[in-house]
Amino acid sequence: MSAPIRFRVNGRDVETTAPPMTRLLDVLREHLRLTGTKYGCGEGECGACTVHVDGRAAMSCLVPVAQVEDADVLTVEGLEAAGFGGLQRAFLEHGGAQCGICTPGMLLAAAQHLADGGATDDASLREALAGNICRCTGYSGILAAVRAAASGRR
């Protein structure tokens, strides 16, 4: 049975109707046409679907849409307006994005780490990004991008 669900996405109030156990990922992509959030594994293992819910990183493939009622959701489309445009530019400048499947999740995980004031040494960054799998970059460009963005934010 479908029910109306109200929440905010990238600072904008939205309302959609869906069965309460529908994945947030599917509502974002199919109902709201925010396709930047990627489907990867559907099991919370790859990180491609990472978004922020009330300021905390979450795998949207594991979040029933009913859990975001009245919540603030940030997707990759809203990163620049949320103050993370420098992080996105750093990914481009340092080769942190290649095929693009992991990029939205990497950006959201990195944004969480930077917002929390996390350290930018390799070990700290690898731990912060551990739930996100990249098959293309070898991670060095991603780490360089996050370090560059962090130096510009501090």
# chains A, B, ... in the order shown; residues from 1 in each chain; ligands from 1

$ residues_around --residues "Gly78 in chain A" --least-positions-apart "4" --cutoff "9 Å" --atoms "only C-alpha atoms" --output "list in words"
Val9, Asn10, Gly11, Leu74, Ala82, Gly83 and Phe84 of chain A

$ residues_around --residues "Gly47 in chain A" --least-positions-apart "5" --cutoff "8 Å" --atoms "only C-alpha atoms" --output "PyMOL selection string"
chain A and resi 40+59+102+105-106+131-133

$ write_last_selection --atoms "C-alpha atoms" --output "JSON list (two decimals), in the first residue's frame"
[["chain", "number", "residue", "atom", "x", "y", "z"],
["A", 40, "GLY", "CA", 25.64, -0.41, -7.56],
["A", 59, "MET", "CA", 23.48, 3.93, 1.79],
["A", 102, "CYS", "CA", 31.42, 5.37, -7.64],
["A", 105, "GLY", "CA", 29.16, 7.98, -3.32],
["A", 106, "MET", "CA", 32.82, 8.90, -2.99],
["A", 131, "GLY", "CA", 32.51, 1.70, 2.27],
["A", 132, "ASN", "CA", 32.97, 2.92, -1.31],
["A", 133, "ILE", "CA", 34.42, 0.71, -4.00]]

$ closest_atom_pairs --of "range 32-101 of chain A" --to "range 16-19 of chain A" --cutoff "12 Å" --atoms "only C-alpha atoms" --output "Markdown table"
| residue | atom | partner | partner_atom | distance |
| --- | --- | --- | --- | --- |
| A:Leu32 | CA | A:Thr16 | CA | 8.2 |
| A:Arg33 | CA | A:Thr16 | CA | 11.9 |
| A:Pro64 | CA | A:Pro19 | CA | 9.1 |
| A:Val65 | CA | A:Ala18 | CA | 8.0 |
| A:Ala66 | CA | A:Pro19 | CA | 8.2 |
| A:Gln67 | CA | A:Pro19 | CA | 11.8 |
| A:Val68 | CA | A:Thr16 | CA | 11.7 |
| A:Glu69 | CA | A:Thr16 | CA | 10.5 |

$ write_last_selection --atoms "C-alpha atoms" --output "PDB file, in the first residue's frame"
ATOM      1  CA  LEU A  32      12.292  12.528  -8.257  1.00  0.00           C
ATOM      2  CA  ARG A  33      14.551  11.947 -11.310  1.00  0.00           C
ATOM      3  CA  PRO A  64      13.242   2.566   3.400  1.00  0.00           C
ATOM      4  CA  VAL A  65      11.723   5.835   2.212  1.00  0.00           C
ATOM      5  CA  ALA A  66       9.437   5.896   5.270  1.00  0.00           C
ATOM      6  CA  GLN A  67      12.556   6.508   7.396  1.00  0.00           C
ATOM      7  CA  VAL A  68      13.205   9.861   5.721  1.00  0.00           C
ATOM      8  CA  GLU A  69       9.791  11.366   6.524  1.00  0.00           C
TER       9      GLU A  69
END

$ select_by_dssp --residues "chain A" --states "alpha helix (DSSP H)" --output "MDAnalysis selection string"
chainID A and resid 24:26 85:93 103:115 122:128 140:153

$ closest_residue --among "A:Leu129, A:Leu28, A:Ala144, A:Ala123" --to "Cys46 in chain A" --atoms "only C-alpha atoms"
A:Leu129

$ closest_residue --among "A:Ala130, A:Val53, A:Leu107, A:Ala119" --to "Ala145 in chain A" --atoms "only C-alpha atoms"
A:Leu107

$ residues_around --residues "range 85-101 of chain A" --least-positions-apart "5" --cutoff "12 Å" --atoms "only C-alpha atoms" --output "MDAnalysis selection string"
chainID A and resid 35:41 46:50 76:80 106:115 132:154

$ write_last_selection --atoms "N, CA and C atoms" --output "compact mmCIF listing (two decimals), in the first residue's frame"
# COMPACT_ATOMS: atom_id res chain seq x y z
N THR A 35 19.13 11.30 -10.72
CA THR A 35 19.85 10.10 -11.13
C THR A 35 21.34 10.12 -10.82
N GLY A 36 21.80 11.15 -10.14
CA GLY A 36 23.21 11.19 -9.75
C GLY A 36 23.54 10.10 -8.75
N THR A 37 22.61 9.77 -7.88
CA THR A 37 22.80 8.67 -6.93
C THR A 37 22.72 7.37 -7.72
N LYS A 38 23.77 6.57 -7.64
CA LYS A 38 23.87 5.39 -8.50
C LYS A 38 23.47 4.11 -7.79
N TYR A 39 22.89 3.19 -8.56
CA TYR A 39 22.65 1.83 -8.09
C TYR A 39 23.92 1.04 -8.39
N GLY A 40 24.46 0.42 -7.37
CA GLY A 40 25.64 -0.41 -7.56
C GLY A 40 25.32 -1.87 -7.26
N CYS A 41 25.30 -2.20 -5.98
CA CYS A 41 25.11 -3.58 -5.58
C CYS A 41 23.72 -3.85 -5.01
N CYS A 46 28.83 -1.36 -1.78
CA CYS A 46 29.71 -0.66 -2.72
C CYS A 46 29.78 0.85 -2.52
N GLY A 47 28.77 1.45 -1.91
CA GLY A 47 28.79 2.88 -1.64
C GLY A 47 28.32 3.78 -2.77
N ALA A 48 27.99 3.24 -3.93
CA ALA A 48 27.59 4.07 -5.06
C ALA A 48 26.33 4.87 -4.79
N CYS A 49 25.50 4.40 -3.86
CA CYS A 49 24.21 5.05 -3.58
C CYS A 49 24.26 5.96 -2.36
N THR A 50 25.45 6.30 -1.88
CA THR A 50 25.56 7.11 -0.66
C THR A 50 24.92 8.48 -0.83
N VAL A 76 24.20 14.03 -4.56
CA VAL A 76 25.32 14.61 -5.28
C VAL A 76 24.90 15.88 -6.03
N GLU A 77 23.65 15.93 -6.46
CA GLU A 77 23.17 17.12 -7.18
C GLU A 77 23.17 18.37 -6.29
N GLY A 78 23.12 18.19 -4.98
CA GLY A 78 23.07 19.32 -4.06
C GLY A 78 24.39 19.67 -3.40
N LEU A 79 25.47 18.99 -3.77
CA LEU A 79 26.75 19.22 -3.09
C LEU A 79 27.27 20.65 -3.23
N GLU A 80 27.19 21.22 -4.41
CA GLU A 80 27.72 22.56 -4.59
C GLU A 80 26.98 23.56 -3.72
N MET A 106 31.53 8.42 -3.49
CA MET A 106 32.82 8.90 -2.99
C MET A 106 32.72 10.36 -2.56
N LEU A 107 32.07 11.17 -3.37
CA LEU A 107 31.91 12.59 -3.05
C LEU A 107 31.14 12.78 -1.75
N LEU A 108 30.05 12.05 -1.58
CA LEU A 108 29.24 12.20 -0.36
C LEU A 108 29.99 11.68 0.86
N ALA A 109 30.71 10.58 0.73
CA ALA A 109 31.51 10.07 1.85
C ALA A 109 32.63 11.04 2.20
N ALA A 110 33.29 11.58 1.19
CA ALA A 110 34.36 12.55 1.42
C ALA A 110 33.80 13.83 2.04
N ALA A 111 32.64 14.28 1.57
CA ALA A 111 32.02 15.47 2.14
C ALA A 111 31.72 15.26 3.62
N GLN A 112 31.23 14.08 3.97
CA GLN A 112 30.96 13.77 5.39
C GLN A 112 32.24 13.85 6.19
N HIS A 113 33.31 13.27 5.68
CA HIS A 113 34.60 13.26 6.37
C HIS A 113 35.12 14.69 6.56
N LEU A 114 35.04 15.49 5.52
CA LEU A 114 35.50 16.87 5.62
C LEU A 114 34.62 17.69 6.56
N ALA A 115 33.31 17.49 6.50
CA ALA A 115 32.40 18.21 7.38
C ALA A 115 32.67 17.87 8.85
N ASN A 132 33.16 2.55 0.09
CA ASN A 132 32.97 2.92 -1.31
C ASN A 132 34.01 2.22 -2.17
N ILE A 133 33.53 1.49 -3.15
CA ILE A 133 34.42 0.71 -4.00
C ILE A 133 34.58 1.40 -5.36
N CYS A 134 35.84 1.52 -5.79
CA CYS A 134 36.14 2.07 -7.11
C CYS A 134 36.94 1.03 -7.89
N ARG A 135 36.53 0.77 -9.12
CA ARG A 135 37.25 -0.20 -9.94
C ARG A 135 38.20 0.46 -10.92
N CYS A 136 38.15 1.79 -11.05
CA CYS A 136 38.89 2.45 -12.11
C CYS A 136 40.15 3.19 -11.66
N THR A 137 40.08 3.90 -10.53
CA THR A 137 41.10 4.90 -10.25
C THR A 137 42.30 4.41 -9.47
N GLY A 138 42.17 3.30 -8.78
CA GLY A 138 43.25 2.90 -7.89
C GLY A 138 43.30 3.77 -6.65
N TYR A 139 42.34 4.64 -6.48
CA TYR A 139 42.12 5.49 -5.31
C TYR A 139 43.10 6.64 -5.15
N SER A 140 44.23 6.64 -5.81
CA SER A 140 45.21 7.71 -5.59
C SER A 140 44.65 9.08 -6.00
N GLY A 141 43.94 9.15 -7.12
CA GLY A 141 43.35 10.42 -7.55
C GLY A 141 42.26 10.87 -6.59
N ILE A 142 41.51 9.93 -6.06
CA ILE A 142 40.45 10.25 -5.10
C ILE A 142 41.06 10.82 -3.83
N LEU A 143 42.09 10.17 -3.31
CA LEU A 143 42.75 10.65 -2.09
C LEU A 143 43.36 12.03 -2.32
N ALA A 144 44.01 12.23 -3.46
CA ALA A 144 44.59 13.54 -3.77
C ALA A 144 43.51 14.62 -3.86
N ALA A 145 42.38 14.26 -4.42
CA ALA A 145 41.28 15.22 -4.56
C ALA A 145 40.73 15.63 -3.19
N VAL A 146 40.55 14.68 -2.32
CA VAL A 146 40.00 14.99 -0.99
C VAL A 146 41.00 15.84 -0.21
N ARG A 147 42.29 15.50 -0.31
CA ARG A 147 43.32 16.31 0.36
C ARG A 147 43.31 17.74 -0.17
N ALA A 148 43.22 17.90 -1.50
CA ALA A 148 43.21 19.23 -2.10
C ALA A 148 41.97 20.02 -1.66
N ALA A 149 40.83 19.36 -1.64
CA ALA A 149 39.61 20.04 -1.21
C ALA A 149 39.70 20.43 0.26
N ALA A 150 40.28 19.56 1.08
CA ALA A 150 40.42 19.86 2.50
C ALA A 150 41.32 21.06 2.73
N SER A 151 42.39 21.16 1.96
CA SER A 151 43.30 22.29 2.15
C SER A 151 42.64 23.59 1.73
N GLY A 152 41.72 23.53 0.79
CA GLY A 152 40.99 24.72 0.37
C GLY A 152 39.89 25.12 1.33
N ARG A 153 39.41 24.19 2.14
CA ARG A 153 38.31 24.46 3.07
C ARG A 153 38.80 24.94 4.42
N ARG A 154 40.06 24.69 4.74
CA ARG A 154 40.53 24.99 6.10
C ARG A 154 41.21 26.33 6.14

$ select_by_dssp --residues "chain A" --states "strand (DSSP E or B)" --output "list of chain:residue names"
A:Ala3, A:Pro4, A:Ile5, A:Arg6, A:Phe7, A:Arg8, A:Val9, A:Arg12, A:Asp13, A:Val14, A:Glu15, A:Thr16, A:Thr17, A:Ala18, A:Arg23, A:Thr50, A:Val51, A:His52, A:Val53, A:Arg56, A:Ala57, A:Ala58, A:Met59, A:Pro64, A:Asp72, A:Val73, A:Leu74

$ write_last_selection --atoms "C-alpha atoms" --output "PDB file, in the first residue's frame"
ATOM      1  CA  ALA A   3       1.488   6.384   1.350  1.00  0.00           C
ATOM      2  CA  PRO A   4       2.482  10.030   0.942  1.00  0.00           C
ATOM      3  CA  ILE A   5       6.019  10.744   2.147  1.00  0.00           C
ATOM      4  CA  ARG A   6       7.319  14.276   2.715  1.00  0.00           C
ATOM      5  CA  PHE A   7      10.966  15.222   3.096  1.00  0.00           C
ATOM      6  CA  ARG A   8      13.540  17.708   1.819  1.00  0.00           C
ATOM      7  CA  VAL A   9      16.008  16.924  -0.929  1.00  0.00           C
ATOM      8  CA  ARG A  12      13.731  21.603  -1.509  1.00  0.00           C
ATOM      9  CA  ASP A  13      10.529  20.237   0.048  1.00  0.00           C
ATOM     10  CA  VAL A  14       9.230  17.198  -1.829  1.00  0.00           C
ATOM     11  CA  GLU A  15       6.280  14.881  -1.508  1.00  0.00           C
ATOM     12  CA  THR A  16       5.902  11.554  -3.218  1.00  0.00           C
ATOM     13  CA  THR A  17       3.660   8.545  -2.881  1.00  0.00           C
ATOM     14  CA  ALA A  18       5.275   5.141  -2.499  1.00  0.00           C
ATOM     15  CA  ARG A  23      14.211   2.061  -1.136  1.00  0.00           C
ATOM     16  CA  THR A  50      25.564   7.112  -0.664  1.00  0.00           C
ATOM     17  CA  VAL A  51      23.543  10.187   0.289  1.00  0.00           C
ATOM     18  CA  HIS A  52      23.332  12.248   3.469  1.00  0.00           C
ATOM     19  CA  VAL A  53      20.251  11.901   5.657  1.00  0.00           C
ATOM     20  CA  ARG A  56      24.994  11.725   8.063  1.00  0.00           C
ATOM     21  CA  ALA A  57      26.123   9.479   5.218  1.00  0.00           C
ATOM     22  CA  ALA A  58      23.729   6.620   4.455  1.00  0.00           C
ATOM     23  CA  MET A  59      23.479   3.928   1.792  1.00  0.00           C
ATOM     24  CA  PRO A  64      13.242   2.566   3.400  1.00  0.00           C
ATOM     25  CA  ASP A  72      16.848  16.425   5.054  1.00  0.00           C
ATOM     26  CA  VAL A  73      18.414  14.398   2.246  1.00  0.00           C
ATOM     27  CA  LEU A  74      21.469  15.601   0.344  1.00  0.00           C
TER      28      LEU A  74
END

$ closest_residue --among "A:Cys61, A:Asp54, A:Leu34, A:Thr75" --to "Thr22 in chain A" --atoms "only C-alpha atoms"
A:Cys61

$ decode --residues "range 84-125 of chain A" --atoms "N, CA and C atoms" --output "PDB file, in the first residue's frame"
ATOM      1  N   PHE A  84      30.173  22.214  -1.089  1.00  0.00           N
ATOM      2  CA  PHE A  84      31.184  21.235  -1.470  1.00  0.00           C
ATOM      3  C   PHE A  84      31.542  21.275  -2.949  1.00  0.00           C
ATOM      4  N   GLY A  85      31.334  22.422  -3.583  1.00  0.00           N
ATOM      5  CA  GLY A  85      31.721  22.574  -4.982  1.00  0.00           C
ATOM      6  C   GLY A  85      33.216  22.398  -5.182  1.00  0.00           C
ATOM      7  N   GLY A  86      34.001  22.828  -4.209  1.00  0.00           N
ATOM      8  CA  GLY A  86      35.453  22.662  -4.286  1.00  0.00           C
ATOM      9  C   GLY A  86      35.863  21.199  -4.301  1.00  0.00           C
ATOM     10  N   LEU A  87      35.135  20.383  -3.583  1.00  0.00           N
ATOM     11  CA  LEU A  87      35.404  18.945  -3.577  1.00  0.00           C
ATOM     12  C   LEU A  87      35.115  18.356  -4.958  1.00  0.00           C
ATOM     13  N   GLN A  88      34.018  18.758  -5.563  1.00  0.00           N
ATOM     14  CA  GLN A  88      33.695  18.277  -6.905  1.00  0.00           C
ATOM     15  C   GLN A  88      34.758  18.715  -7.913  1.00  0.00           C
ATOM     16  N   ARG A  89      35.185  19.963  -7.839  1.00  0.00           N
ATOM     17  CA  ARG A  89      36.233  20.447  -8.757  1.00  0.00           C
ATOM     18  C   ARG A  89      37.540  19.703  -8.541  1.00  0.00           C
ATOM     19  N   ALA A  90      37.877  19.425  -7.284  1.00  0.00           N
ATOM     20  CA  ALA A  90      39.107  18.697  -6.985  1.00  0.00           C
ATOM     21  C   ALA A  90      39.068  17.284  -7.581  1.00  0.00           C
ATOM     22  N   PHE A  91      37.906  16.637  -7.569  1.00  0.00           N
ATOM     23  CA  PHE A  91      37.789  15.312  -8.184  1.00  0.00           C
ATOM     24  C   PHE A  91      38.111  15.396  -9.676  1.00  0.00           C
ATOM     25  N   LEU A  92      37.646  16.437 -10.326  1.00  0.00           N
ATOM     26  CA  LEU A  92      37.934  16.613 -11.756  1.00  0.00           C
ATOM     27  C   LEU A  92      39.411  16.904 -11.981  1.00  0.00           C
ATOM     28  N   GLU A  93      39.966  17.801 -11.191  1.00  0.00           N
ATOM     29  CA  GLU A  93      41.359  18.223 -11.376  1.00  0.00           C
ATOM     30  C   GLU A  93      42.375  17.136 -11.053  1.00  0.00           C
ATOM     31  N   HIS A  94      42.045  16.232 -10.133  1.00  0.00           N
ATOM     32  CA  HIS A  94      43.006  15.227  -9.673  1.00  0.00           C
ATOM     33  C   HIS A  94      42.709  13.818 -10.174  1.00  0.00           C
ATOM     34  N   GLY A  95      41.804  13.692 -11.125  1.00  0.00           N
ATOM     35  CA  GLY A  95      41.510  12.377 -11.683  1.00  0.00           C
ATOM     36  C   GLY A  95      40.783  11.464 -10.721  1.00  0.00           C
ATOM     37  N   GLY A  96      39.974  12.036  -9.827  1.00  0.00           N
ATOM     38  CA  GLY A  96      39.223  11.235  -8.876  1.00  0.00           C
ATOM     39  C   GLY A  96      37.971  10.625  -9.468  1.00  0.00           C
ATOM     40  N   ALA A  97      37.625  11.028 -10.679  1.00  0.00           N
ATOM     41  CA  ALA A  97      36.438  10.495 -11.346  1.00  0.00           C
ATOM     42  C   ALA A  97      36.858   9.913 -12.686  1.00  0.00           C
ATOM     43  N   GLN A  98      36.475   8.669 -12.919  1.00  0.00           N
ATOM     44  CA  GLN A  98      36.740   8.078 -14.223  1.00  0.00           C
ATOM     45  C   GLN A  98      35.444   7.577 -14.833  1.00  0.00           C
ATOM     46  N   CYS A  99      35.018   6.370 -14.529  1.00  0.00           N
ATOM     47  CA  CYS A  99      33.772   5.890 -15.152  1.00  0.00           C
ATOM     48  C   CYS A  99      32.544   6.571 -14.568  1.00  0.00           C
ATOM     49  N   GLY A 100      32.611   7.038 -13.332  1.00  0.00           N
ATOM     50  CA  GLY A 100      31.535   7.807 -12.725  1.00  0.00           C
ATOM     51  C   GLY A 100      30.574   7.029 -11.847  1.00  0.00           C
ATOM     52  N   ILE A 101      30.642   5.717 -11.841  1.00  0.00           N
ATOM     53  CA  ILE A 101      29.699   4.945 -11.027  1.00  0.00           C
ATOM     54  C   ILE A 101      29.928   5.202  -9.540  1.00  0.00           C
ATOM     55  N   CYS A 102      31.147   5.182  -9.072  1.00  0.00           N
ATOM     56  CA  CYS A 102      31.422   5.370  -7.644  1.00  0.00           C
ATOM     57  C   CYS A 102      31.484   6.834  -7.247  1.00  0.00           C
ATOM     58  N   THR A 103      31.629   7.722  -8.202  1.00  0.00           N
ATOM     59  CA  THR A 103      31.914   9.126  -7.905  1.00  0.00           C
ATOM     60  C   THR A 103      30.901   9.785  -6.978  1.00  0.00           C
ATOM     61  N   PRO A 104      29.592   9.662  -7.202  1.00  0.00           N
ATOM     62  CA  PRO A 104      28.661  10.309  -6.278  1.00  0.00           C
ATOM     63  C   PRO A 104      28.832   9.821  -4.833  1.00  0.00           C
ATOM     64  N   GLY A 105      28.967   8.525  -4.658  1.00  0.00           N
ATOM     65  CA  GLY A 105      29.159   7.982  -3.316  1.00  0.00           C
ATOM     66  C   GLY A 105      30.469   8.418  -2.694  1.00  0.00           C
ATOM     67  N   MET A 106      31.529   8.424  -3.491  1.00  0.00           N
ATOM     68  CA  MET A 106      32.820   8.902  -2.993  1.00  0.00           C
ATOM     69  C   MET A 106      32.721  10.364  -2.560  1.00  0.00           C
ATOM     70  N   LEU A 107      32.067  11.173  -3.374  1.00  0.00           N
ATOM     71  CA  LEU A 107      31.915  12.590  -3.047  1.00  0.00           C
ATOM     72  C   LEU A 107      31.139  12.778  -1.747  1.00  0.00           C
ATOM     73  N   LEU A 108      30.046  12.048  -1.578  1.00  0.00           N
ATOM     74  CA  LEU A 108      29.239  12.196  -0.361  1.00  0.00           C
ATOM     75  C   LEU A 108      29.987  11.684   0.860  1.00  0.00           C
ATOM     76  N   ALA A 109      30.714  10.580   0.732  1.00  0.00           N
ATOM     77  CA  ALA A 109      31.506  10.066   1.854  1.00  0.00           C
ATOM     78  C   ALA A 109      32.627  11.043   2.199  1.00  0.00           C
ATOM     79  N   ALA A 110      33.287  11.582   1.186  1.00  0.00           N
ATOM     80  CA  ALA A 110      34.358  12.553   1.420  1.00  0.00           C
ATOM     81  C   ALA A 110      33.800  13.827   2.042  1.00  0.00           C
ATOM     82  N   ALA A 111      32.640  14.276   1.571  1.00  0.00           N
ATOM     83  CA  ALA A 111      32.020  15.471   2.138  1.00  0.00           C
ATOM     84  C   ALA A 111      31.723  15.261   3.617  1.00  0.00           C
ATOM     85  N   GLN A 112      31.231  14.081   3.974  1.00  0.00           N
ATOM     86  CA  GLN A 112      30.959  13.766   5.387  1.00  0.00           C
ATOM     87  C   GLN A 112      32.242  13.853   6.193  1.00  0.00           C
ATOM     88  N   HIS A 113      33.307  13.266   5.676  1.00  0.00           N
ATOM     89  CA  HIS A 113      34.596  13.262   6.371  1.00  0.00           C
ATOM     90  C   HIS A 113      35.116  14.688   6.556  1.00  0.00           C
ATOM     91  N   LEU A 114      35.037  15.493   5.517  1.00  0.00           N
ATOM     92  CA  LEU A 114      35.502  16.874   5.617  1.00  0.00           C
ATOM     93  C   LEU A 114      34.623  17.691   6.558  1.00  0.00           C
ATOM     94  N   ALA A 115      33.313  17.486   6.497  1.00  0.00           N
ATOM     95  CA  ALA A 115      32.402  18.214   7.383  1.00  0.00           C
ATOM     96  C   ALA A 115      32.668  17.873   8.847  1.00  0.00           C
ATOM     97  N   ASP A 116      33.097  16.646   9.089  1.00  0.00           N
ATOM     98  CA  ASP A 116      33.419  16.220  10.449  1.00  0.00           C
ATOM     99  C   ASP A 116      34.807  16.666  10.891  1.00  0.00           C
ATOM    100  N   GLY A 117      35.553  17.343   9.988  1.00  0.00           N
ATOM    101  CA  GLY A 117      36.907  17.788  10.322  1.00  0.00           C
ATOM    102  C   GLY A 117      37.920  16.673  10.343  1.00  0.00           C
ATOM    103  N   GLY A 118      37.662  15.620   9.574  1.00  0.00           N
ATOM    104  CA  GLY A 118      38.539  14.450   9.551  1.00  0.00           C
ATOM    105  C   GLY A 118      39.925  14.747   9.006  1.00  0.00           C
ATOM    106  N   ALA A 119      40.882  13.951   9.451  1.00  0.00           N
ATOM    107  CA  ALA A 119      42.267  14.083   9.008  1.00  0.00           C
ATOM    108  C   ALA A 119      42.399  13.682   7.544  1.00  0.00           C
ATOM    109  N   THR A 120      43.461  14.181   6.901  1.00  0.00           N
ATOM    110  CA  THR A 120      43.631  13.918   5.469  1.00  0.00           C
ATOM    111  C   THR A 120      44.857  13.066   5.142  1.00  0.00           C
ATOM    112  N   ASP A 121      45.395  12.373   6.138  1.00  0.00           N
ATOM    113  CA  ASP A 121      46.471  11.420   5.836  1.00  0.00           C
ATOM    114  C   ASP A 121      45.834  10.213   5.154  1.00  0.00           C
ATOM    115  N   ASP A 122      46.648   9.453   4.436  1.00  0.00           N
ATOM    116  CA  ASP A 122      46.130   8.325   3.658  1.00  0.00           C
ATOM    117  C   ASP A 122      45.298   7.359   4.494  1.00  0.00           C
ATOM    118  N   ALA A 123      45.775   7.008   5.680  1.00  0.00           N
ATOM    119  CA  ALA A 123      45.057   6.027   6.506  1.00  0.00           C
ATOM    120  C   ALA A 123      43.676   6.550   6.894  1.00  0.00           C
ATOM    121  N   SER A 124      43.597   7.812   7.290  1.00  0.00           N
ATOM    122  CA  SER A 124      42.305   8.389   7.687  1.00  0.00           C
ATOM    123  C   SER A 124      41.349   8.471   6.508  1.00  0.00           C
ATOM    124  N   LEU A 125      41.856   8.879   5.348  1.00  0.00           N
ATOM    125  CA  LEU A 125      41.001   8.977   4.167  1.00  0.00           C
ATOM    126  C   LEU A 125      40.533   7.602   3.713  1.00  0.00           C
TER     127      LEU A 125
END
